file run-v6.pdb (PDB, C-alpha atoms and all ligand atoms)
ATOM      1  CA  MET O1483     -26.464 -48.418  49.082  1.00  0.00           C
ATOM      2  CA  ALA O1484     -28.063 -50.619  51.752  1.00  0.00           C
ATOM      3  CA  PRO O1485     -25.668 -52.013  54.350  1.00  0.00           C
ATOM      4  CA  GLY O1486     -24.249 -55.387  53.352  1.00  0.00           C
ATOM      5  CA  THR O1487     -24.909 -54.870  49.633  1.00  0.00           C
ATOM      6  CA  ALA O1488     -21.558 -53.223  48.765  1.00  0.00           C
ATOM      7  CA  ALA O1489     -20.034 -54.833  45.675  1.00  0.00           C
ATOM      8  CA  ARG O1490     -17.529 -57.437  46.801  1.00  0.00           C
ATOM      9  CA  PRO O1491     -14.239 -57.398  44.838  1.00  0.00           C
ATOM     10  CA  ARG O1492     -14.203 -60.222  42.268  1.00  0.00           C
ATOM     11  CA  ARG O1493     -11.936 -63.102  43.258  1.00  0.00           C
ATOM     12  CA  LEU O1494      -8.894 -63.300  40.968  1.00  0.00           C
ATOM     13  CA  LYS O1495      -9.227 -66.367  38.745  1.00  0.00           C
ATOM     14  CA  THR O1496      -6.163 -68.288  37.492  1.00  0.00           C
ATOM     15  CA  GLN O1497      -7.013 -67.213  33.915  1.00  0.00           C
ATOM     16  CA  ASP O1498      -6.756 -63.537  34.924  1.00  0.00           C
ATOM     17  CA  TRP O1499      -3.010 -63.738  35.545  1.00  0.00           C
ATOM     18  CA  VAL O1500      -2.094 -66.726  33.349  1.00  0.00           C
ATOM     19  CA  ARG O1501      -3.309 -64.973  30.196  1.00  0.00           C
ATOM     20  CA  PRO O1502      -0.987 -61.909  30.465  1.00  0.00           C
ATOM     21  CA  ALA O1503       1.820 -64.126  31.841  1.00  0.00           C
ATOM     22  CA  VAL O1504       1.665 -66.364  28.760  1.00  0.00           C
ATOM     23  CA  TYR O1505       1.410 -63.371  26.423  1.00  0.00           C
ATOM     24  CA  TYR O1506       4.394 -61.479  27.843  1.00  0.00           C
ATOM     25  CA  GLY O1507       6.311 -64.700  28.511  1.00  0.00           C
ATOM     26  CA  SER O1508       5.935 -65.649  24.830  1.00  0.00           C
ATOM     27  CA  LEU O1509       7.272 -62.265  23.753  1.00  0.00           C
ATOM     28  CA  VAL O1510      10.480 -62.698  25.792  1.00  0.00           C
ATOM     29  CA  PRO O1511      12.373 -65.148  23.483  1.00  0.00           C
ATOM     30  CA  LEU O1512      11.318 -63.148  20.416  1.00  0.00           C
ATOM     31  CA  VAL O1513      12.539 -59.889  21.954  1.00  0.00           C
ATOM     32  CA  LEU O1514      15.818 -61.557  23.035  1.00  0.00           C
ATOM     33  CA  LEU O1515      16.327 -62.778  19.464  1.00  0.00           C
ATOM     34  CA  ALA O1516      15.636 -59.275  18.112  1.00  0.00           C
ATOM     35  CA  VAL O1517      18.141 -57.803  20.617  1.00  0.00           C
ATOM     36  CA  ARG O1518      20.784 -60.352  19.519  1.00  0.00           C
ATOM     37  CA  ALA O1519      20.107 -59.427  15.875  1.00  0.00           C
ATOM     38  CA  LEU O1520      20.284 -55.666  16.529  1.00  0.00           C
ATOM     39  CA  THR O1521      23.508 -55.969  18.536  1.00  0.00           C
ATOM     40  CA  ASP O1522      25.230 -58.241  16.021  1.00  0.00           C
ATOM     41  CA  ARG O1523      25.382 -61.241  18.346  1.00  0.00           C
ATOM     42  CA  LEU O1524      24.003 -63.976  16.086  1.00  0.00           C
ATOM     43  CA  GLY O1525      27.298 -65.742  15.392  1.00  0.00           C
ATOM     44  CA  ALA O1526      29.045 -66.579  12.137  1.00  0.00           C
ATOM     45  CA  ASN O1527      25.849 -67.313  10.159  1.00  0.00           C
ATOM     46  CA  PRO O1528      23.197 -64.861  11.357  1.00  0.00           C
ATOM     47  CA  ILE O1529      20.537 -65.775   8.778  1.00  0.00           C
ATOM     48  CA  ALA O1530      20.699 -69.508   9.598  1.00  0.00           C
ATOM     49  CA  GLU O1531      20.666 -68.673  13.316  1.00  0.00           C
ATOM     50  CA  VAL O1532      17.517 -66.498  13.035  1.00  0.00           C
ATOM     51  CA  LEU O1533      15.854 -69.115  10.806  1.00  0.00           C
ATOM     52  CA  ASN O1534      16.595 -71.951  13.207  1.00  0.00           C
ATOM     53  CA  GLN O1535      15.605 -69.992  16.316  1.00  0.00           C
ATOM     54  CA  LEU O1536      12.296 -68.870  14.774  1.00  0.00           C
ATOM     55  CA  GLY O1537      11.567 -72.393  13.468  1.00  0.00           C
ATOM     56  CA  LEU O1538      12.241 -73.929  16.863  1.00  0.00           C
ATOM     57  CA  LEU O1539      10.246 -71.272  18.744  1.00  0.00           C
ATOM     58  CA  GLY O1540       7.330 -71.645  16.337  1.00  0.00           C
ATOM     59  CA  LEU O1541       7.307 -75.397  16.927  1.00  0.00           C
ATOM     60  CA  VAL O1542       7.412 -74.897  20.710  1.00  0.00           C
ATOM     61  CA  PHE O1543       4.446 -72.470  20.552  1.00  0.00           C
ATOM     62  CA  LEU O1544       2.543 -74.872  18.292  1.00  0.00           C
ATOM     63  CA  VAL O1545       3.076 -77.876  20.580  1.00  0.00           C
ATOM     64  CA  ALA O1546       2.222 -75.728  23.638  1.00  0.00           C
ATOM     65  CA  SER O1547      -1.062 -74.638  22.017  1.00  0.00           C
ATOM     66  CA  LEU O1548      -1.866 -78.271  21.211  1.00  0.00           C
ATOM     67  CA  ALA O1549      -1.171 -79.254  24.838  1.00  0.00           C
ATOM     68  CA  CYS O1550      -3.934 -76.966  26.214  1.00  0.00           C
ATOM     69  CA  THR O1551      -6.983 -79.167  25.596  1.00  0.00           C
ATOM     70  CA  PRO O1552      -5.226 -82.424  26.650  1.00  0.00           C
ATOM     71  CA  LEU O1553      -4.217 -80.683  29.930  1.00  0.00           C
ATOM     72  CA  LYS O1554      -7.855 -79.771  30.538  1.00  0.00           C
ATOM     73  CA  ILE O1555      -8.945 -83.349  29.738  1.00  0.00           C
ATOM     74  CA  ALA O1556      -6.278 -84.985  31.912  1.00  0.00           C
ATOM     75  CA  PHE O1557      -6.353 -82.660  34.946  1.00  0.00           C
ATOM     76  CA  GLY O1558      -9.648 -80.765  34.656  1.00  0.00           C
ATOM     77  CA  TRP O1559      -7.792 -77.399  34.573  1.00  0.00           C
ATOM     78  CA  LYS O1560      -9.654 -74.586  32.834  1.00  0.00           C
ATOM     79  CA  TRP O1561      -6.824 -72.075  32.424  1.00  0.00           C
ATOM     80  CA  PRO O1562      -4.986 -73.824  29.532  1.00  0.00           C
ATOM     81  CA  VAL O1563      -8.004 -73.300  27.278  1.00  0.00           C
ATOM     82  CA  ALA O1564      -7.863 -69.560  28.054  1.00  0.00           C
ATOM     83  CA  VAL O1565      -4.330 -69.324  26.601  1.00  0.00           C
ATOM     84  CA  ARG O1566      -4.745 -71.745  23.667  1.00  0.00           C
ATOM     85  CA  ARG O1567      -5.579 -69.061  21.107  1.00  0.00           C
ATOM     86  CA  THR O1568      -2.705 -66.786  22.202  1.00  0.00           C
ATOM     87  CA  LEU O1569      -0.205 -69.657  21.881  1.00  0.00           C
ATOM     88  CA  GLY O1570      -1.647 -70.701  18.501  1.00  0.00           C
ATOM     89  CA  LEU O1571      -1.339 -67.164  17.154  1.00  0.00           C
ATOM     90  CA  PHE O1572       2.224 -66.851  18.484  1.00  0.00           C
ATOM     91  CA  ALA O1573       3.009 -70.125  16.663  1.00  0.00           C
ATOM     92  CA  PHE O1574       1.503 -68.865  13.411  1.00  0.00           C
ATOM     93  CA  PHE O1575       3.161 -65.431  13.395  1.00  0.00           C
ATOM     94  CA  THR O1576       6.549 -66.802  14.497  1.00  0.00           C
ATOM     95  CA  LEU O1577       6.462 -69.391  11.689  1.00  0.00           C
ATOM     96  CA  LEU O1578       5.237 -66.795   9.203  1.00  0.00           C
ATOM     97  CA  PHE O1579       8.240 -64.685  10.162  1.00  0.00           C
ATOM     98  CA  HIS O1580      10.434 -67.824   9.809  1.00  0.00           C
ATOM     99  CA  PHE O1581       9.140 -68.095   6.237  1.00  0.00           C
ATOM    100  CA  VAL O1582       9.621 -64.352   5.555  1.00  0.00           C
ATOM    101  CA  VAL O1583      13.265 -64.546   6.741  1.00  0.00           C
ATOM    102  CA  TYR O1584      13.773 -67.511   4.384  1.00  0.00           C
ATOM    103  CA  LEU O1585      12.083 -65.634   1.502  1.00  0.00           C
ATOM    104  CA  VAL O1586      13.834 -62.289   1.976  1.00  0.00           C
ATOM    105  CA  PHE O1587      17.287 -63.124   3.365  1.00  0.00           C
ATOM    106  CA  ASP O1588      17.896 -66.719   2.307  1.00  0.00           C
ATOM    107  CA  GLN O1589      16.347 -66.511  -1.176  1.00  0.00           C
ATOM    108  CA  GLN O1590      16.577 -62.722  -1.804  1.00  0.00           C
ATOM    109  CA  LEU O1591      12.895 -62.657  -2.865  1.00  0.00           C
ATOM    110  CA  ASP O1592      13.727 -64.793  -5.929  1.00  0.00           C
ATOM    111  CA  LEU O1593      10.358 -66.528  -6.335  1.00  0.00           C
ATOM    112  CA  ALA O1594      11.663 -68.822  -9.101  1.00  0.00           C
ATOM    113  CA  ALA O1595      14.406 -70.038  -6.739  1.00  0.00           C
ATOM    114  CA  VAL O1596      11.824 -70.555  -3.967  1.00  0.00           C
ATOM    115  CA  LEU O1597       9.615 -72.638  -6.285  1.00  0.00           C
ATOM    116  CA  ARG O1598      12.660 -74.673  -7.331  1.00  0.00           C
ATOM    117  CA  ASP O1599      13.561 -75.185  -3.665  1.00  0.00           C
ATOM    118  CA  VAL O1600       9.982 -76.271  -2.845  1.00  0.00           C
ATOM    119  CA  GLY O1601      10.130 -78.792  -5.712  1.00  0.00           C
ATOM    120  CA  GLU O1602      13.616 -80.103  -5.009  1.00  0.00           C
ATOM    121  CA  ARG O1603      13.939 -80.170  -1.210  1.00  0.00           C
ATOM    122  CA  PRO O1604      11.269 -82.260   0.591  1.00  0.00           C
ATOM    123  CA  PHE O1605      12.322 -80.472   3.807  1.00  0.00           C
ATOM    124  CA  ILE O1606      11.087 -77.150   2.368  1.00  0.00           C
ATOM    125  CA  THR O1607       7.957 -78.709   0.774  1.00  0.00           C
ATOM    126  CA  VAL O1608       6.862 -80.219   4.088  1.00  0.00           C
ATOM    127  CA  GLY O1609       7.539 -76.992   6.057  1.00  0.00           C
ATOM    128  CA  LEU O1610       5.537 -74.941   3.570  1.00  0.00           C
ATOM    129  CA  ALA O1611       2.645 -77.415   3.712  1.00  0.00           C
ATOM    130  CA  GLY O1612       2.625 -77.066   7.521  1.00  0.00           C
ATOM    131  CA  LEU O1613       2.539 -73.278   7.340  1.00  0.00           C
ATOM    132  CA  VAL O1614      -0.179 -73.220   4.654  1.00  0.00           C
ATOM    133  CA  LEU O1615      -2.336 -75.490   6.841  1.00  0.00           C
ATOM    134  CA  MET O1616      -2.035 -72.986   9.668  1.00  0.00           C
ATOM    135  CA  VAL O1617      -3.447 -70.094   7.592  1.00  0.00           C
ATOM    136  CA  PRO O1618      -7.162 -71.089   7.868  1.00  0.00           C
ATOM    137  CA  LEU O1619      -6.634 -71.747  11.578  1.00  0.00           C
ATOM    138  CA  ALA O1620      -5.232 -68.262  12.198  1.00  0.00           C
ATOM    139  CA  VAL O1621      -7.935 -66.649  10.032  1.00  0.00           C
ATOM    140  CA  THR O1622     -10.738 -68.434  11.919  1.00  0.00           C
ATOM    141  CA  SER O1623      -9.272 -67.956  15.395  1.00  0.00           C
ATOM    142  CA  THR O1624     -11.750 -65.167  16.290  1.00  0.00           C
ATOM    143  CA  ARG O1625     -14.988 -65.550  18.276  1.00  0.00           C
ATOM    144  CA  GLY O1626     -16.902 -64.284  15.225  1.00  0.00           C
ATOM    145  CA  SER O1627     -15.536 -67.151  13.086  1.00  0.00           C
ATOM    146  CA  LEU O1628     -16.419 -69.664  15.781  1.00  0.00           C
ATOM    147  CA  LYS O1629     -20.012 -68.361  15.730  1.00  0.00           C
ATOM    148  CA  ARG O1630     -20.197 -68.234  11.923  1.00  0.00           C
ATOM    149  CA  LEU O1631     -18.817 -71.760  11.430  1.00  0.00           C
ATOM    150  CA  GLY O1632     -20.570 -73.335  14.412  1.00  0.00           C
ATOM    151  CA  ALA O1633     -18.669 -75.164  17.158  1.00  0.00           C
ATOM    152  CA  ARG O1634     -18.589 -78.523  15.369  1.00  0.00           C
ATOM    153  CA  ARG O1635     -17.216 -77.316  12.046  1.00  0.00           C
ATOM    154  CA  TRP O1636     -14.790 -74.976  13.812  1.00  0.00           C
ATOM    155  CA  GLN O1637     -13.461 -77.819  15.980  1.00  0.00           C
ATOM    156  CA  ARG O1638     -13.155 -80.111  12.968  1.00  0.00           C
ATOM    157  CA  LEU O1639     -11.186 -77.453  11.066  1.00  0.00           C
ATOM    158  CA  HIS O1640      -8.921 -76.764  14.035  1.00  0.00           C
ATOM    159  CA  ARG O1641      -7.901 -80.422  14.238  1.00  0.00           C
ATOM    160  CA  LEU O1642      -5.681 -79.489  11.268  1.00  0.00           C
ATOM    161  CA  ALA O1643      -3.333 -78.023  13.893  1.00  0.00           C
ATOM    162  CA  TYR O1644      -2.204 -81.589  14.696  1.00  0.00           C
ATOM    163  CA  LEU O1645      -1.365 -82.175  11.037  1.00  0.00           C
ATOM    164  CA  ALA O1646       0.531 -78.864  10.928  1.00  0.00           C
ATOM    165  CA  GLY O1647       2.450 -79.948  14.045  1.00  0.00           C
ATOM    166  CA  ALA O1648       3.250 -83.345  12.513  1.00  0.00           C
ATOM    167  CA  LEU O1649       4.486 -81.669   9.302  1.00  0.00           C
ATOM    168  CA  GLY O1650       6.589 -79.306  11.431  1.00  0.00           C
ATOM    169  CA  VAL O1651       8.190 -82.307  13.168  1.00  0.00           C
ATOM    170  CA  VAL O1652       8.878 -84.064   9.822  1.00  0.00           C
ATOM    171  CA  HIS O1653      10.353 -80.803   8.462  1.00  0.00           C
ATOM    172  CA  TYR O1654      12.665 -80.640  11.508  1.00  0.00           C
ATOM    173  CA  LEU O1655      13.505 -84.356  11.170  1.00  0.00           C
ATOM    174  CA  LEU O1656      14.455 -83.913   7.501  1.00  0.00           C
ATOM    175  CA  ARG O1657      16.558 -80.870   8.366  1.00  0.00           C
ATOM    176  CA  VAL O1658      18.757 -82.481  11.019  1.00  0.00           C
ATOM    177  CA  LYS O1659      21.459 -84.620   9.541  1.00  0.00           C
ATOM    178  CA  ALA O1660      23.060 -86.431  12.445  1.00  0.00           C
ATOM    179  CA  ASP O1661      21.191 -86.428  15.757  1.00  0.00           C
ATOM    180  CA  ALA O1662      17.414 -86.829  15.440  1.00  0.00           C
ATOM    181  CA  THR O1663      16.782 -86.827  19.218  1.00  0.00           C
ATOM    182  CA  GLU O1664      15.185 -83.360  19.388  1.00  0.00           C
ATOM    183  CA  PRO O1665      12.702 -83.673  16.502  1.00  0.00           C
ATOM    184  CA  LEU O1666      11.802 -87.180  17.727  1.00  0.00           C
ATOM    185  CA  ALA O1667      11.158 -85.777  21.226  1.00  0.00           C
ATOM    186  CA  TYR O1668       8.749 -83.185  19.769  1.00  0.00           C
ATOM    187  CA  GLY O1669       7.128 -85.975  17.743  1.00  0.00           C
ATOM    188  CA  ALA O1670       6.685 -88.095  20.886  1.00  0.00           C
ATOM    189  CA  VAL O1671       5.061 -85.206  22.798  1.00  0.00           C
ATOM    190  CA  LEU O1672       2.732 -84.578  19.864  1.00  0.00           C
ATOM    191  CA  GLY O1673       1.877 -88.300  19.749  1.00  0.00           C
ATOM    192  CA  VAL O1674       0.966 -88.363  23.470  1.00  0.00           C
ATOM    193  CA  LEU O1675      -1.213 -85.238  23.101  1.00  0.00           C
ATOM    194  CA  PHE O1676      -3.005 -86.761  20.133  1.00  0.00           C
ATOM    195  CA  LEU O1677      -3.532 -90.003  22.049  1.00  0.00           C
ATOM    196  CA  VAL O1678      -5.166 -88.119  24.960  1.00  0.00           C
ATOM    197  CA  ARG O1679      -7.559 -86.462  22.464  1.00  0.00           C
ATOM    198  CA  LEU O1680      -8.303 -89.823  20.827  1.00  0.00           C
ATOM    199  CA  VAL O1681      -9.045 -91.578  24.141  1.00  0.00           C
ATOM    200  CA  ASP O1682     -11.280 -88.665  25.207  1.00  0.00           C
ATOM    201  CA  TRP O1683     -13.143 -88.761  21.878  1.00  0.00           C
ATOM    202  CA  ALA O1684     -13.686 -92.551  22.188  1.00  0.00           C
ATOM    203  CA  ARG O1685     -14.903 -92.161  25.797  1.00  0.00           C
ATOM    204  CA  ARG O1686     -17.392 -89.418  24.893  1.00  0.00           C
ATOM    205  CA  ARG O1687     -18.636 -91.422  21.920  1.00  0.00           C
ATOM    206  CA  ALA O1688     -19.194 -94.482  24.120  1.00  0.00           C
ATOM    207  CA  ALA O1689     -21.029 -92.344  26.720  1.00  0.00           C
ATOM    208  CA  ARG O1690     -23.244 -90.836  23.976  1.00  0.00           C
ATOM    209  CA  SER O1691     -24.220 -94.225  22.560  1.00  0.00           C
ATOM    210  CA  ALA O1692     -24.863 -95.570  26.099  1.00  0.00           C
ATOM    211  CA  ARG O1693     -27.235 -92.607  26.696  1.00  0.00           C
ATOM    212  CA  ALA O1694     -28.975 -93.203  23.365  1.00  0.00           C
ATOM    213  CA  THR O1695     -29.600 -96.906  24.116  1.00  0.00           C
ATOM    214  CA  PRO O1696     -32.934 -97.271  25.965  1.00  0.00           C
TER     215      PRO O1696
HETATM  216  C1  LIG L1701       4.819 -75.659  10.470  1.00  0.00           C
HETATM  217  C2  LIG L1701       5.759 -74.909   9.882  1.00  0.00           C
HETATM  218  C3  LIG L1701       7.231 -74.953  10.232  1.00  0.00           C
HETATM  219  C4  LIG L1701       7.856 -75.386  11.372  1.00  0.00           C
HETATM  220  C5  LIG L1701       7.204 -75.955  12.642  1.00  0.00           C
HETATM  221  C6  LIG L1701       9.270 -75.201  11.185  1.00  0.00           C
HETATM  222  C7  LIG L1701      10.248 -75.540  12.108  1.00  0.00           C
HETATM  223  C8  LIG L1701      11.607 -75.511  11.881  1.00  0.00           C
HETATM  224  C9  LIG L1701      12.610 -76.009  12.787  1.00  0.00           C
HETATM  225  C10 LIG L1701      12.289 -76.655  14.135  1.00  0.00           C
HETATM  226  C11 LIG L1701      13.816 -75.788  12.234  1.00  0.00           C
HETATM  227  C12 LIG L1701      15.186 -76.204  12.780  1.00  0.00           C
HETATM  228  C13 LIG L1701      15.595 -75.475  14.015  1.00  0.00           C
HETATM  229  C14 LIG L1701      16.924 -75.940  14.579  1.00  0.00           C
HETATM  230  O1  LIG L1701      17.600 -76.758  13.970  1.00  0.00           O
HETATM  231  O2  LIG L1701      17.294 -75.467  15.669  1.00  0.00           O
HETATM  232  C15 LIG L1701      13.610 -75.138  10.963  1.00  0.00           C
HETATM  233  C16 LIG L1701      14.614 -74.738  10.109  1.00  0.00           C
HETATM  234  C17 LIG L1701      14.393 -74.204   8.878  1.00  0.00           C
HETATM  235  N1  LIG L1701      13.164 -74.022   8.265  1.00  0.00           N
HETATM  236 FE1  LIG L1701      11.335 -74.329   9.090  1.00  0.00          FE
HETATM  237  N2  LIG L1701       9.491 -74.655   9.945  1.00  0.00           N
HETATM  238  C18 LIG L1701       8.276 -74.488   9.331  1.00  0.00           C
HETATM  239  C19 LIG L1701       8.060 -73.956   8.089  1.00  0.00           C
HETATM  240  C20 LIG L1701       9.034 -73.574   7.210  1.00  0.00           C
HETATM  241  C21 LIG L1701       8.820 -72.968   5.911  1.00  0.00           C
HETATM  242  C22 LIG L1701       7.450 -72.620   5.341  1.00  0.00           C
HETATM  243  C23 LIG L1701      10.040 -72.747   5.361  1.00  0.00           C
HETATM  244  C24 LIG L1701      10.374 -72.156   4.030  1.00  0.00           C
HETATM  245  C25 LIG L1701       9.688 -72.396   2.942  1.00  0.00           C
HETATM  246  C26 LIG L1701      11.044 -73.199   6.291  1.00  0.00           C
HETATM  247  C27 LIG L1701      12.411 -73.135   6.100  1.00  0.00           C
HETATM  248  C28 LIG L1701      13.382 -73.483   7.003  1.00  0.00           C
HETATM  249  C29 LIG L1701      14.812 -73.308   6.794  1.00  0.00           C
HETATM  250  C30 LIG L1701      15.475 -72.773   5.526  1.00  0.00           C
HETATM  251  C31 LIG L1701      15.445 -73.734   7.982  1.00  0.00           C
HETATM  252  C32 LIG L1701      16.942 -73.694   8.294  1.00  0.00           C
HETATM  253  C33 LIG L1701      17.686 -74.797   7.686  1.00  0.00           C
HETATM  254  C34 LIG L1701      19.170 -74.726   7.945  1.00  0.00           C
HETATM  255  O3  LIG L1701      19.681 -73.720   8.440  1.00  0.00           O
HETATM  256  O4  LIG L1701      19.807 -75.722   7.652  1.00  0.00           O
HETATM  257  N3  LIG L1701      10.401 -73.681   7.416  1.00  0.00           N
HETATM  258  N4  LIG L1701      12.253 -74.971  10.765  1.00  0.00           N
END
call {"tool": "encode", "arguments": {"input": "run-v6.pdb", "output": "structure tokens", "more": "lines below"}}
Ligand code: HEM
result
Amino acid sequence: MAPGTAARPRRLKTQDWVRPAVYYGSLVPLVLLAVRALTDRLGANPIAEVLNQLGLLGLVFLVASLACTPLKIAFGWKWPVAVRRTLGLFAFFTLLFHFVVYLVFDQQLDLAAVLRDVGERPFITVGLAGLVLMVPLAVTSTRGSLKRLGARRWQRLHRLAYLAGALGVVHYLLRVKADATEPLAYGAVLGVLFLVRLVDWARRRAARSARATP
């Protein structure tokens, strides 16, 4: 190799360490919950405790994934977009597990009882609607799906994540009986994130029409 042409080591980008940090960091609360379950430290009502912890964690992951693009818009950071998919998938699988715990341990796989519950308790209906909305998002989260659908259609479909988040907040709001502070706080964060997206969309639309005007 000619002198001076030796390959220089690639500079470590923020994404290179943020991606594994977010992945392993997201596993921590799930592993801690599993350890509590395996060591019988879930309190007097273990099923309700696991359900609530998984529901809350799923909502946190969902809101965190929805915060990625607004963070890029507001601060110009690139790294949040690199962890958006990981956080979205953590949200989906945590909430799927939340549903499985409900189905297996709360309802003992009695599908008739589940259907009755869905019909009778708006809290369950709304939660299920949120989870169902997340299925097409998880299925189309791959690069291949992005290519197949095209960026525009993919982005339009993935806006459903906001609706899933809003349904998750309503589900939480309907579940709490006395103090609604926490679900309202999640709702407020979601509202701010949506507002950032809306302002950005309006700005880009105005710039496009300004460019199109001769
Ligand atoms: C977008 C989807 C969903 C989100 C974001 C979500 C979130 C939550 C949250 C935040 C809680 C309360 C946690 C706490 O009080 O600390 C919760 C509880 C619960 N969720 Fe969900 N959930 C979702 C879907 C579902 C589905 C599909 C079902 C079942 C059909 C379900 C059944 C329950 C039950 C039974 C509880 C516990 C209620 C209690 O112990 O009183 N959730 N969920």
call {"tool": "resolve_selection", "arguments": {"input": "run-v6.pdb", "expression": "the PyMOL selection byres (((chain O and resi 1666-1672) around 12) and not hetatm)", "output": "JSON, numbers by chain"}}
result
{"O": [1538, 1541, 1542, 1543, 1544, 1545, 1546, 1547, 1548, 1549, 1550, 1552, 1643, 1644, 1645, 1646, 1647, 1648, 1649, 1650, 1651, 1652, 1653, 1654, 1655, 1656, 1658, 1661, 1662, 1663, 1664, 1665, 1673, 1674, 1675, 1676, 1677, 1678, 1679]}
call {"tool": "residues_near_ligand", "arguments": {"input": "run-v6.pdb", "ligand": "ligand LIG 1701 (chain L)", "cutoff": "6 Å", "atoms": "only C-alpha atoms and all ligand atoms", "output": "list in words"}}
result
Ala1530, Leu1533, Asn1534, Gln1535, Gly1537, Leu1538, Gly1540, Leu1541, Leu1577, Phe1581, Tyr1584, Ile1606, Gly1609, Leu1610, Gly1612, Leu1613, Ala1646, Gly1650 and Tyr1654 of chain O
call {"tool": "write_last_selection", "arguments": {"input": "run-v6.pdb", "atoms": "C-alpha atoms", "output": "compact mmCIF listing (two decimals), keeping the file's coordinate frame"}}
result
# COMPACT_ATOMS: atom_id res chain seq x y z
CA ALA O 1530 20.70 -69.51 9.60
CA LEU O 1533 15.85 -69.11 10.81
CA ASN O 1534 16.60 -71.95 13.21
CA GLN O 1535 15.60 -69.99 16.32
CA GLY O 1537 11.57 -72.39 13.47
CA LEU O 1538 12.24 -73.93 16.86
CA GLY O 1540 7.33 -71.64 16.34
CA LEU O 1541 7.31 -75.40 16.93
CA LEU O 1577 6.46 -69.39 11.69
CA PHE O 1581 9.14 -68.10 6.24
CA TYR O 1584 13.77 -67.51 4.38
CA ILE O 1606 11.09 -77.15 2.37
CA GLY O 1609 7.54 -76.99 6.06
CA LEU O 1610 5.54 -74.94 3.57
CA GLY O 1612 2.62 -77.07 7.52
CA LEU O 1613 2.54 -73.28 7.34
CA ALA O 1646 0.53 -78.86 10.93
CA GLY O 1650 6.59 -79.31 11.43
CA TYR O 1654 12.66 -80.64 11.51
call {"tool": "closest_residue", "arguments": {"input": "run-v6.pdb", "among": "O:Tyr1505, O:Phe1557, O:Val1532, O:Ala1684", "to": "Val1517 of chain O", "atoms": "all atoms listed in the file"}}
result
O:Val1532
call {"tool": "closest_residue", "arguments": {"input": "run-v6.pdb", "among": "O:Lys1629, O:His1640, O:Arg1518, O:Lys1560", "to": "Gln1497 of chain O", "atoms": "all atoms listed in the file"}}
result
O:Lys1560
call {"tool": "atom_distance", "arguments": {"input": "run-v6.pdb", "atom1": "atom CA of Arg1686 of chain O", "atom2": "atom CA of Thr1622 of chain O"}}
result
25.6 Å
call {"tool": "atom_distance", "arguments": {"input": "run-v6.pdb", "atom1": "atom CA of Ala1573 of chain O", "atom2": "atom CA of Val1596 of chain O"}}
result
22.4 Å
call {"tool": "closest_residue", "arguments": {"input": "run-v6.pdb", "among": "O:Phe1572, O:Tyr1506, O:Trp1683, O:Trp1561", "to": "Met1616 of chain O", "atoms": "only C-alpha atoms"}}
result
O:Phe1572
call {"tool": "atom_distance", "arguments": {"input": "run-v6.pdb", "atom1": "atom CA of Ala1620 of chain O", "atom2": "atom CA of Pro1562 of chain O"}}
result
18.2 Å
call {"tool": "closest_residue", "arguments": {"input": "run-v6.pdb", "among": "O:Thr1521, O:Ile1529, O:Ala1503, O:Arg1657", "to": "Phe1605 of chain O", "atoms": "only C-alpha atoms"}}
result
O:Arg1657
call {"tool": "closest_residue", "arguments": {"input": "run-v6.pdb", "among": "O:Ala1660, O:Leu1615, O:Val1500, O:Leu1536", "to": "Arg1641 of chain O", "atoms": "all atoms listed in the file"}}
result
O:Leu1615
call {"tool": "closest_residue", "arguments": {"input": "run-v6.pdb", "among": "O:Phe1587, O:Leu1578, O:Leu1539, O:Asp1592", "to": "Val1614 of chain O", "atoms": "all atoms listed in the file"}}
result
O:Leu1578
call {"tool": "residues_near_point", "arguments": {"input": "run-v6.pdb", "point": "(-4.9, -66.0, 21.4)", "cutoff": "10 Å", "atoms": "all atoms listed in the file", "output": "number ranges by chain"}}
result
O: 1501, 1504-1505, 1547, 1563-1572, 1620, 1623-1624
call {"tool": "residues_around", "arguments": {"input": "run-v6.pdb", "residues": "Gly1626 of chain O", "least_positions_apart": "6", "cutoff": "12 Å", "atoms": "only C-alpha atoms", "output": "VMD selection string"}}
result
chain O and resid 1632 to 1633 1636
